[in-house]
$ cat coords.cif   # mmCIF, C-alpha atoms and all ligand atoms
data_entry
loop_
_atom_site.label_atom_id
_atom_site.label_comp_id
_atom_site.auth_asym_id
_atom_site.auth_seq_id
_atom_site.Cartn_x
_atom_site.Cartn_y
_atom_site.Cartn_z
CA MET A 1 2.05 17.14 14.06
CA GLU A 2 3.42 20.32 12.68
CA ASN A 3 6.03 21.01 15.34
CA TYR A 4 7.08 17.47 16.04
CA SER A 5 10.75 17.24 16.87
CA ALA A 6 12.82 14.17 17.65
CA LEU A 7 15.07 16.37 19.81
CA CYS A 8 14.53 17.49 23.37
CA ASN A 9 15.80 20.46 25.39
CA VAL A 10 16.91 22.19 22.23
CA PRO A 11 18.88 25.35 23.05
CA ARG A 12 17.48 28.51 21.47
CA PRO A 13 20.02 30.66 19.67
CA PHE A 14 20.88 33.75 21.72
CA ALA A 15 19.76 37.03 20.17
CA ASN A 16 23.18 37.76 18.64
CA GLU A 17 24.51 34.23 18.39
CA SER A 18 26.20 32.94 15.27
CA ILE A 19 24.47 29.94 13.70
CA CYS A 20 27.86 28.17 13.69
CA SER A 21 27.97 28.63 17.45
CA TRP A 22 24.38 27.49 17.92
CA LEU A 23 24.90 24.36 15.78
CA THR A 24 27.90 23.44 17.91
CA ARG A 25 25.87 23.80 21.11
CA LEU A 26 22.87 22.04 19.61
CA SER A 27 24.78 18.88 18.71
CA LEU A 28 26.47 18.78 22.12
CA SER A 29 23.11 19.25 23.88
CA GLN A 30 21.77 16.17 22.08
CA GLY A 31 24.89 14.12 22.74
CA VAL A 32 25.69 13.56 19.08
CA SER A 33 28.49 14.60 16.80
CA LEU A 34 28.19 17.72 14.73
CA TRP A 35 28.11 15.59 11.57
CA VAL A 36 25.15 13.54 12.81
CA MET A 37 23.26 16.71 13.68
CA MET A 38 24.03 18.29 10.32
CA GLY A 39 22.82 15.15 8.57
CA TYR A 40 19.60 15.24 10.57
CA LEU A 41 19.03 18.90 9.71
CA GLU A 42 20.10 18.27 6.10
CA LEU A 43 22.76 20.98 6.29
CA LYS A 44 25.75 21.09 3.99
CA LEU A 45 29.02 22.21 5.51
CA HIS A 46 30.05 24.30 2.52
CA ILE A 47 27.23 26.78 3.20
CA ASP A 48 28.26 29.73 5.33
CA PHE A 49 25.59 29.31 7.99
CA ASP A 50 26.07 32.81 9.33
CA PHE A 51 26.18 34.94 6.22
CA ARG A 52 24.54 32.81 3.53
CA PHE A 53 21.68 32.29 5.92
CA TRP A 54 18.97 32.65 3.29
CA ARG A 55 20.18 29.42 1.70
CA LEU A 56 19.10 27.46 4.77
CA ASP A 57 15.68 25.83 4.79
CA LEU A 58 14.56 27.57 7.95
CA GLU A 59 11.12 26.02 7.91
CA SER A 60 12.57 22.52 7.91
CA ILE A 61 15.16 23.43 10.61
CA SER A 62 12.50 24.91 12.87
CA LYS A 63 10.28 21.85 12.42
CA LYS A 64 13.09 19.43 13.14
CA THR A 65 14.31 21.32 16.20
CA GLY A 66 10.91 22.36 17.52
CA LEU A 67 12.03 26.00 17.53
CA SER A 68 10.09 28.74 15.86
CA ILE A 69 11.26 30.63 12.79
CA SER A 70 11.21 33.83 14.83
CA ASP A 71 13.94 32.41 17.09
CA PHE A 72 16.30 33.09 14.16
CA LYS A 73 15.00 36.58 13.42
CA ASN A 74 18.15 38.52 14.32
CA GLN A 75 20.45 36.12 12.49
CA LYS A 76 18.32 36.56 9.39
CA ILE A 77 18.35 40.36 9.59
CA PHE A 78 22.08 40.56 10.26
CA SER A 79 23.02 38.30 7.36
CA LYS A 80 20.66 40.12 5.03
CA SER A 81 22.18 43.46 6.04
CA LEU A 82 25.63 42.26 5.17
CA ARG A 83 24.44 40.69 1.93
CA LEU A 84 24.01 44.17 0.47
CA TYR A 85 27.74 44.74 0.61
CA ASP A 86 29.23 41.29 0.47
CA TYR A 87 26.88 38.94 -1.38
CA TYR A 88 29.17 35.90 -1.18
CA ALA A 89 30.36 36.66 2.36
CA SER A 90 33.90 36.59 1.10
CA HIS A 91 35.33 40.06 1.85
CA TYR A 92 33.95 41.38 5.13
CA VAL A 93 33.86 38.01 6.82
CA MET A 94 36.80 36.07 8.27
CA HIS A 95 37.88 32.63 7.12
CA TYR A 96 40.75 30.32 7.92
CA LYS A 97 41.54 27.45 5.54
CA ARG A 98 37.98 27.53 4.17
CA ARG A 99 36.58 27.37 7.69
CA ARG A 100 34.65 30.10 9.49
CA ARG A 101 36.94 32.10 11.67
CA PHE A 102 35.96 34.10 14.74
CA ARG A 103 37.51 36.61 17.05
CA PHE A 104 36.25 36.70 20.62
CA CYS A 105 36.06 38.77 23.78
CA SER A 106 37.43 36.72 26.68
CA LEU A 107 35.42 38.75 29.20
CA CYS A 108 32.12 38.21 27.35
CA LEU A 109 32.82 34.45 27.28
CA GLN A 110 33.67 34.57 30.97
CA GLU A 111 30.43 36.34 31.86
CA ASP A 112 28.22 34.13 29.69
CA GLU A 113 26.28 31.58 31.66
CA ILE A 114 26.47 29.47 28.51
CA PRO A 115 29.42 30.64 26.44
CA TYR A 116 28.59 31.43 22.83
CA PHE A 117 30.06 33.28 19.85
CA ARG A 118 28.47 36.46 18.52
CA MET A 119 27.70 36.98 14.84
CA GLU A 120 29.70 40.19 14.68
CA TRP A 121 32.84 38.41 15.92
CA ARG A 122 33.22 37.05 12.39
CA LEU A 123 33.39 40.46 10.79
CA LYS A 124 36.77 41.90 9.90
CA LEU A 125 35.47 45.31 10.91
CA CYS A 126 34.58 44.17 14.42
CA VAL A 127 37.85 44.54 16.30
CA SER A 128 36.69 45.43 19.80
CA CYS A 129 34.08 44.73 22.45
CA PRO A 130 32.03 47.83 23.27
CA ILE A 131 30.94 46.37 26.63
CA HIS A 132 34.40 45.63 28.01
CA GLU A 133 36.38 48.19 25.99
CA CYS A 134 39.04 45.74 24.92
CA LEU A 135 40.27 44.42 21.59
CA LEU A 136 38.94 41.05 20.49
CA GLU A 137 41.33 38.12 20.63
CA ASP A 138 42.51 36.59 17.33
CA HIS A 139 43.91 33.32 18.65
CA CYS A 140 43.97 30.96 21.56
CA HIS A 141 46.53 32.44 23.96
CA ARG A 142 48.11 29.02 24.55
CA CYS A 143 48.40 27.25 21.20
CA ARG A 144 47.92 30.35 18.98
CA ASN A 145 45.42 28.57 16.77
CA PRO A 146 42.52 30.64 15.45
CA ILE A 147 38.99 29.75 16.53
CA THR A 148 36.80 28.28 13.79
CA LEU A 149 33.21 27.06 14.08
CA PRO A 150 31.15 24.96 13.98
CA VAL A 151 33.20 22.41 15.88
CA ASN A 152 32.44 18.91 17.01
CA LEU A 153 32.59 19.36 20.79
CA PHE A 154 31.09 15.93 21.34
CA SER A 155 34.33 14.27 20.21
CA LYS A 156 36.17 16.05 23.04
CA VAL A 157 33.97 14.72 25.82
CA SER A 158 35.44 11.85 27.81
CA ASP A 159 34.98 10.13 31.15
CA THR A 160 37.96 11.89 32.63
CA LYS A 161 37.30 15.33 31.20
CA PRO A 162 34.29 17.53 31.94
CA VAL A 163 32.07 18.54 29.05
CA GLU A 164 33.83 21.23 27.12
CA SER A 165 32.11 24.43 26.14
CA LEU A 166 32.72 27.05 23.51
CA ALA A 167 34.91 28.84 26.07
CA ASN A 168 37.55 26.12 25.54
CA CYS A 169 40.00 26.23 22.68
CA GLN A 170 39.00 23.50 20.25
CA SER A 171 42.66 22.75 19.43
CA CYS A 172 44.31 22.54 22.86
CA GLY A 173 41.42 22.71 25.34
CA ALA A 174 42.75 25.85 27.10
CA GLN A 175 40.18 28.16 28.65
CA LEU A 176 39.87 31.08 26.27
CA THR A 177 38.84 33.29 29.18
CA LYS A 178 42.26 32.97 30.84
CA VAL A 179 43.93 35.81 29.04
CA ASN A 180 44.71 39.30 30.19
CA PRO A 181 42.24 41.47 28.19
CA ALA A 182 43.72 43.92 25.67
CA SER A 183 42.01 46.83 27.35
CA PHE A 184 41.82 50.36 25.96
CA LYS A 185 39.90 51.85 28.85
CA GLY A 186 40.53 55.27 30.35
CA ALA A 187 44.14 56.39 30.27
CA LEU A 188 45.08 53.51 27.96
CA TYR A 189 42.75 54.91 25.33
CA GLU A 190 45.08 57.92 25.20
CA ALA A 191 47.86 55.64 24.04
CA MET A 192 45.96 54.78 20.87
CA ASP A 193 46.33 56.66 17.59
CA LEU A 194 43.40 58.71 16.29
CA LYS A 195 42.81 56.56 13.20
CA SER A 196 42.41 53.42 15.30
CA LYS A 197 40.12 55.17 17.75
CA LYS A 198 37.91 56.27 14.89
CA PHE A 199 37.82 52.74 13.49
CA ILE A 200 36.67 51.35 16.83
CA LYS A 201 34.05 54.08 17.18
CA ASP A 202 32.69 53.51 13.67
CA GLY A 203 32.47 49.76 14.27
CA GLY A 204 30.52 50.45 17.44
CA THR A 205 28.09 52.57 15.43
CA LEU A 206 27.72 50.23 12.48
CA ILE A 207 27.18 46.85 14.14
CA PRO A 208 23.91 47.84 15.90
CA ILE A 209 22.75 49.23 12.53
CA LEU A 210 23.38 45.85 10.87
CA TYR A 211 21.30 44.17 13.57
CA LYS A 212 18.43 46.59 13.03
CA GLY A 213 17.79 45.86 9.40
CA THR A 214 19.05 46.16 5.89
CA HIS A 215 20.94 49.39 5.72
CA ARG A 216 22.31 51.24 2.78
CA PHE A 217 25.20 53.50 3.58
CA ASN A 218 24.11 57.11 3.35
CA LYS A 219 26.07 60.33 3.40
CA ASP A 220 26.62 59.99 7.16
CA THR A 221 27.90 56.44 7.06
CA ARG A 222 29.60 56.25 3.64
CA ALA A 223 33.01 57.11 5.09
CA MET A 224 32.65 54.11 7.41
CA GLN A 225 31.97 51.84 4.47
CA GLU A 226 35.17 53.01 2.80
CA SER A 227 37.26 52.34 5.85
CA PHE A 228 35.71 48.91 6.36
CA THR A 229 36.24 47.98 2.73
CA MET A 230 39.87 49.03 3.07
CA GLN A 231 40.16 46.91 6.20
CA ALA A 232 38.63 43.94 4.42
CA ILE A 233 40.49 43.96 1.12
CA ASP A 234 43.51 46.24 1.35
CA PRO A 235 46.67 44.65 2.72
CA LYS A 236 47.53 48.04 4.25
CA LYS A 237 45.08 47.76 7.11
CA LYS A 238 43.20 50.74 8.49
CA PHE A 239 43.27 49.22 11.93
CA LYS A 240 46.70 47.88 12.72
CA TRP A 241 46.37 46.56 16.26
CA THR A 242 45.67 43.02 17.35
CA ALA A 243 44.96 42.10 20.95
CA ARG A 244 48.51 40.76 21.17
CA THR A 245 50.31 43.79 19.75
CA TRP A 246 48.11 46.10 21.83
CA ARG A 247 49.03 44.23 25.03
CA LEU A 248 52.71 44.75 24.19
CA LYS A 249 52.08 48.42 23.49
CA ILE A 250 50.27 49.05 26.78
CA LYS A 251 52.98 47.20 28.67
CA ARG A 252 55.56 49.61 27.27
CA TYR A 253 53.20 52.53 27.79
CA LEU A 254 52.63 51.72 31.47
CA LYS A 255 56.35 51.35 32.00
CA LYS A 256 56.82 54.85 30.64
CA TYR A 257 53.83 56.34 32.48
CA PRO A 258 53.50 54.26 35.64
CA SER A 259 50.90 56.64 37.05
CA HIS A 260 48.49 55.65 34.23
CA THR A 261 46.96 52.53 35.62
CA GLN A 262 44.73 50.08 33.83
ZN ZN A 301 33.18 41.71 25.93
ZN ZN A 302 44.52 26.47 22.09
#
$ encode --input "coords.cif" --output "structure tokens"
Amino acid sequence: MENYSALCNVPRPFANESICSWLTRLSLSQGVSLWVMMGYLELKLHIDFDFRFWRLDLESISKKTGLSISDFKNQKIFSKSLRLYDYYASHYVMHYKRRRRFRFCSLCLQEDEIPYFRMEWRLKLCVSCPIHECLLEDHCHRCRNPITLPVNLFSKVSDTKPVESLANCQSCGAQLTKVNPASFKGALYEAMDLKSKKFIKDGGTLIPILYKGTHRFNKDTRAMQESFTMQAIDPKKKFKWTARTWRLKIKRYLKKYPSHTQ
């Protein structure tokens, strides 16, 4: 029984889903705590599931979940791409108190039928959403706690509360989608400085490259690498905006130029 799995209705990871996000959804789908699921899959929490992916025993995970190894193809490629530049996933990748920290796009989470977190939302260089042209959020808008995964959503389920999803803040339960997006569309884009615009543009170029396969920076992309390294390790950040500071900026900007609408 090669593909025997004790689990049923196992969710497949989405094409660009972080393994931390998938593990959270997987344990909730089976009605068990994250710790029980990790024990079953023989996973150790200290491994960075997203960017130390090659340390996972994928064959055993696919057997135990009934999924195929190819369901994790993109996650494998993405983590391998980053491995070239950040072997220990310690510089380019965000952490918070030794946990795995994510930014998020509130509009993406809102549009998801099943909310999930993207792999690139863990990268320091990924500051915006190319689909919605807004900056990614750094915190829950209500309690200001950062989002870290995987999280034990099962512990938050109760008789009186509906089943939570990844679109809820794990600390206070607020809906992460209920925030005014830090948009830089159209006229608002004009309010942004050139350096920041370039950073957003380069990020938009580089992330699809990381998903395509292991990539060595060449003469066309080397400048991007420099700016991302600066962003990752230099306290003087290349990209200075956060969703919060950008919202304040556009508020002032629209007051000054009321004809420039969002
Ligand atoms: Zn988005
Ligand atoms: Zn919160």
$ closest_residue --input "coords.cif" --among "A:Lys251, A:Ala167, A:Ala182, A:Asn16" --to "A:Arg122" --atoms "only C-alpha atoms"
A:Asn16
$ residues_near_ligand --input "coords.cif" --ligand "ligand ZN 302 (chain A)" --cutoff "12 Å" --atoms "all atoms listed in the file" --output "PyMOL selection string"
chain A and resi 138-148+166-179
$ closest_residue --input "coords.cif" --among "A:Ser90, A:Ser5, A:Ser29, A:Ser68" --to "A:Leu41" --atoms "only C-alpha atoms"
A:Ser5
$ closest_atom_pairs --input "coords.cif" --of "chain A" --to "ligand ZN 301 (chain A)" --cutoff "6 Å" --atoms "only C-alpha atoms and all ligand atoms" --output "JSON lines"
{"residue": "A:Cys105", "atom": "CA", "partner": "A:ZN301", "partner_atom": "ZN", "distance": 4.6}
{"residue": "A:Leu107", "atom": "CA", "partner": "A:ZN301", "partner_atom": "ZN", "distance": 4.9}
{"residue": "A:Cys108", "atom": "CA", "partner": "A:ZN301", "partner_atom": "ZN", "distance": 3.9}
{"residue": "A:Cys129", "atom": "CA", "partner": "A:ZN301", "partner_atom": "ZN", "distance": 4.7}
{"residue": "A:Ile131", "atom": "CA", "partner": "A:ZN301", "partner_atom": "ZN", "distance": 5.2}
{"residue": "A:His132", "atom": "CA", "partner": "A:ZN301", "partner_atom": "ZN", "distance": 4.6}
$ atom_distance --input "coords.cif" --atom1 "atom CA of A:Glu133" --atom2 "atom CA of A:Lys185"
5.8 Å
$ closest_residue --input "coords.cif" --among "A:Leu26, A:Val36, A:Met119, A:Cys8" --to "A:Phe49" --atoms "all atoms listed in the file"
A:Met119
$ atom_distance --input "coords.cif" --atom1 "atom CA of A:Lys197" --atom2 "atom CA of A:Tyr257"
20.2 Å
$ residues_around --input "coords.cif" --residues "stretch 91-102 of chain A" --least-positions-apart "2" --cutoff "8 Å" --atoms "all atoms listed in the file" --output "ChimeraX atom specification"
/A:48,86,89,104,117,121-125,138,146-150,228-229,232-233
$ axis_aligned_box --input "coords.cif" --around "stretch 238-254 of chain A" --padding-each-side "3 Å" --output "JSON"
{"center_x": 49.4, "center_y": 46.6, "center_z": 20.0, "size_x": 18.4, "size_y": 17.8, "size_z": 29.0}
$ closest_residue --input "coords.cif" --among "A:Val151, A:Ile77, A:Ile250, A:Met38" --to "A:Trp54" --atoms "all atoms listed in the file"
A:Ile77
$ atom_distance --input "coords.cif" --atom1 "atom CA of A:Trp22" --atom2 "atom CA of A:Leu210"
19.7 Å
$ residues_around --input "coords.cif" --residues "A:Asp57" --least-positions-apart "3" --cutoff "10 Å" --atoms "all atoms listed in the file" --output "compact mmCIF listing (two decimals) with C-alpha atoms, in the coordinates of the input"
# COMPACT_ATOMS: atom_id res chain seq x y z
CA LEU A 41 19.03 18.90 9.71
CA GLU A 42 20.10 18.27 6.10
CA LEU A 43 22.76 20.98 6.29
CA PHE A 53 21.68 32.29 5.92
CA TRP A 54 18.97 32.65 3.29
CA SER A 60 12.57 22.52 7.91
CA ILE A 61 15.16 23.43 10.61
CA SER A 62 12.50 24.91 12.87
$ residues_near_point --input "coords.cif" --point "(39.9, 54.8, 28.9)" --cutoff "12 Å" --atoms "all atoms listed in the file" --output "PyMOL selection string"
chain A and resi 130+132-134+182-192+197+260-262
$ closest_residue --input "coords.cif" --among "A:Ser165, A:Asn218, A:Thr245, A:Ser196" --to "A:Tyr116" --atoms "all atoms listed in the file"
A:Ser165
$ decode --input "coords.cif" --residues "stretch 20-101 of chain A" --atoms "C-alpha atoms" --output "PDB file, in the first residue's frame"
ATOM      1  CA  CYS A  20       4.036  26.814   7.247  1.00  0.00           C
ATOM      2  CA  SER A  21       0.664  27.929   5.909  1.00  0.00           C
ATOM      3  CA  TRP A  22      -0.151  24.507   4.481  1.00  0.00           C
ATOM      4  CA  LEU A  23       0.767  22.730   7.747  1.00  0.00           C
ATOM      5  CA  THR A  24      -1.567  25.048   9.632  1.00  0.00           C
ATOM      6  CA  ARG A  25      -4.427  24.279   7.248  1.00  0.00           C
ATOM      7  CA  LEU A  26      -3.619  20.574   7.199  1.00  0.00           C
ATOM      8  CA  SER A  27      -3.875  20.147  10.965  1.00  0.00           C
ATOM      9  CA  LEU A  28      -7.120  22.137  11.095  1.00  0.00           C
ATOM     10  CA  SER A  29      -8.587  20.067   8.238  1.00  0.00           C
ATOM     11  CA  GLN A  30      -7.970  16.891  10.254  1.00  0.00           C
ATOM     12  CA  GLY A  31      -9.317  18.381  13.476  1.00  0.00           C
ATOM     13  CA  VAL A  32      -6.075  17.961  15.402  1.00  0.00           C
ATOM     14  CA  SER A  33      -3.589  20.332  16.934  1.00  0.00           C
ATOM     15  CA  LEU A  34      -0.565  21.420  14.989  1.00  0.00           C
ATOM     16  CA  TRP A  35       1.655  19.518  17.436  1.00  0.00           C
ATOM     17  CA  VAL A  36      -0.195  16.246  16.856  1.00  0.00           C
ATOM     18  CA  MET A  37       0.098  16.691  13.102  1.00  0.00           C
ATOM     19  CA  MET A  38       3.787  17.512  13.319  1.00  0.00           C
ATOM     20  CA  GLY A  39       4.345  14.420  15.451  1.00  0.00           C
ATOM     21  CA  TYR A  40       2.519  12.292  12.891  1.00  0.00           C
ATOM     22  CA  LEU A  41       4.597  13.724  10.045  1.00  0.00           C
ATOM     23  CA  GLU A  42       7.760  13.492  12.172  1.00  0.00           C
ATOM     24  CA  LEU A  43       8.508  17.178  11.678  1.00  0.00           C
ATOM     25  CA  LYS A  44      10.687  19.178  14.025  1.00  0.00           C
ATOM     26  CA  LEU A  45       9.630  22.736  14.713  1.00  0.00           C
ATOM     27  CA  HIS A  46      13.162  24.130  14.599  1.00  0.00           C
ATOM     28  CA  ILE A  47      13.397  23.397  10.861  1.00  0.00           C
ATOM     29  CA  ASP A  48      12.416  26.315   8.668  1.00  0.00           C
ATOM     30  CA  PHE A  49       9.788  24.476   6.630  1.00  0.00           C
ATOM     31  CA  ASP A  50       9.749  27.101   3.911  1.00  0.00           C
ATOM     32  CA  PHE A  51      13.398  27.750   3.255  1.00  0.00           C
ATOM     33  CA  ARG A  52      15.186  24.697   4.637  1.00  0.00           C
ATOM     34  CA  PHE A  53      12.790  22.596   2.638  1.00  0.00           C
ATOM     35  CA  TRP A  54      15.390  20.089   1.494  1.00  0.00           C
ATOM     36  CA  ARG A  55      15.755  18.923   5.091  1.00  0.00           C
ATOM     37  CA  LEU A  56      12.200  17.574   5.051  1.00  0.00           C
ATOM     38  CA  ASP A  57      11.639  13.927   4.222  1.00  0.00           C
ATOM     39  CA  LEU A  58       9.279  14.644   1.360  1.00  0.00           C
ATOM     40  CA  GLU A  59       8.799  11.010   0.478  1.00  0.00           C
ATOM     41  CA  SER A  60       7.574  10.203   3.974  1.00  0.00           C
ATOM     42  CA  ILE A  61       5.349  13.338   4.079  1.00  0.00           C
ATOM     43  CA  SER A  62       3.755  12.498   0.747  1.00  0.00           C
ATOM     44  CA  LYS A  63       3.129   8.905   1.843  1.00  0.00           C
ATOM     45  CA  LYS A  64       1.599   9.955   5.137  1.00  0.00           C
ATOM     46  CA  THR A  65      -0.620  12.611   3.586  1.00  0.00           C
ATOM     47  CA  GLY A  66      -1.482  10.733   0.401  1.00  0.00           C
ATOM     48  CA  LEU A  67      -0.233  13.685  -1.667  1.00  0.00           C
ATOM     49  CA  SER A  68       2.291  13.329  -4.413  1.00  0.00           C
ATOM     50  CA  ILE A  69       5.822  14.707  -4.267  1.00  0.00           C
ATOM     51  CA  SER A  70       5.022  16.877  -7.281  1.00  0.00           C
ATOM     52  CA  ASP A  71       2.397  18.731  -5.212  1.00  0.00           C
ATOM     53  CA  PHE A  72       5.363  20.405  -3.490  1.00  0.00           C
ATOM     54  CA  LYS A  73       7.272  21.171  -6.679  1.00  0.00           C
ATOM     55  CA  ASN A  74       7.091  24.971  -6.512  1.00  0.00           C
ATOM     56  CA  GLN A  75       7.958  25.097  -2.824  1.00  0.00           C
ATOM     57  CA  LYS A  76      11.033  23.010  -3.545  1.00  0.00           C
ATOM     58  CA  ILE A  77      12.161  25.203  -6.441  1.00  0.00           C
ATOM     59  CA  PHE A  78      11.583  28.440  -4.550  1.00  0.00           C
ATOM     60  CA  SER A  79      13.514  27.342  -1.477  1.00  0.00           C
ATOM     61  CA  LYS A  80      16.340  25.999  -3.602  1.00  0.00           C
ATOM     62  CA  SER A  81      16.548  29.296  -5.483  1.00  0.00           C
ATOM     63  CA  LEU A  82      16.931  31.215  -2.273  1.00  0.00           C
ATOM     64  CA  ARG A  83      19.423  28.716  -0.898  1.00  0.00           C
ATOM     65  CA  LEU A  84      22.006  30.027  -3.352  1.00  0.00           C
ATOM     66  CA  TYR A  85      22.053  33.374  -1.595  1.00  0.00           C
ATOM     67  CA  ASP A  86      20.981  32.600   1.928  1.00  0.00           C
ATOM     68  CA  TYR A  87      21.908  29.019   2.812  1.00  0.00           C
ATOM     69  CA  TYR A  88      20.654  29.186   6.404  1.00  0.00           C
ATOM     70  CA  ALA A  89      17.591  31.287   5.548  1.00  0.00           C
ATOM     71  CA  SER A  90      18.734  33.838   8.069  1.00  0.00           C
ATOM     72  CA  HIS A  91      19.228  37.076   6.106  1.00  0.00           C
ATOM     73  CA  TYR A  92      16.618  37.384   3.373  1.00  0.00           C
ATOM     74  CA  VAL A  93      13.860  35.756   5.372  1.00  0.00           C
ATOM     75  CA  MET A  94      11.812  37.325   8.179  1.00  0.00           C
ATOM     76  CA  HIS A  95      11.690  36.017  11.729  1.00  0.00           C
ATOM     77  CA  TYR A  96      10.127  37.188  14.948  1.00  0.00           C
ATOM     78  CA  LYS A  97      11.353  35.723  18.250  1.00  0.00           C
ATOM     79  CA  ARG A  98      12.692  32.633  16.447  1.00  0.00           C
ATOM     80  CA  ARG A  99       9.336  32.141  14.745  1.00  0.00           C
ATOM     81  CA  ARG A 100       8.609  32.490  11.030  1.00  0.00           C
ATOM     82  CA  ARG A 101       7.241  35.896  10.288  1.00  0.00           C
TER      83      ARG A 101
END
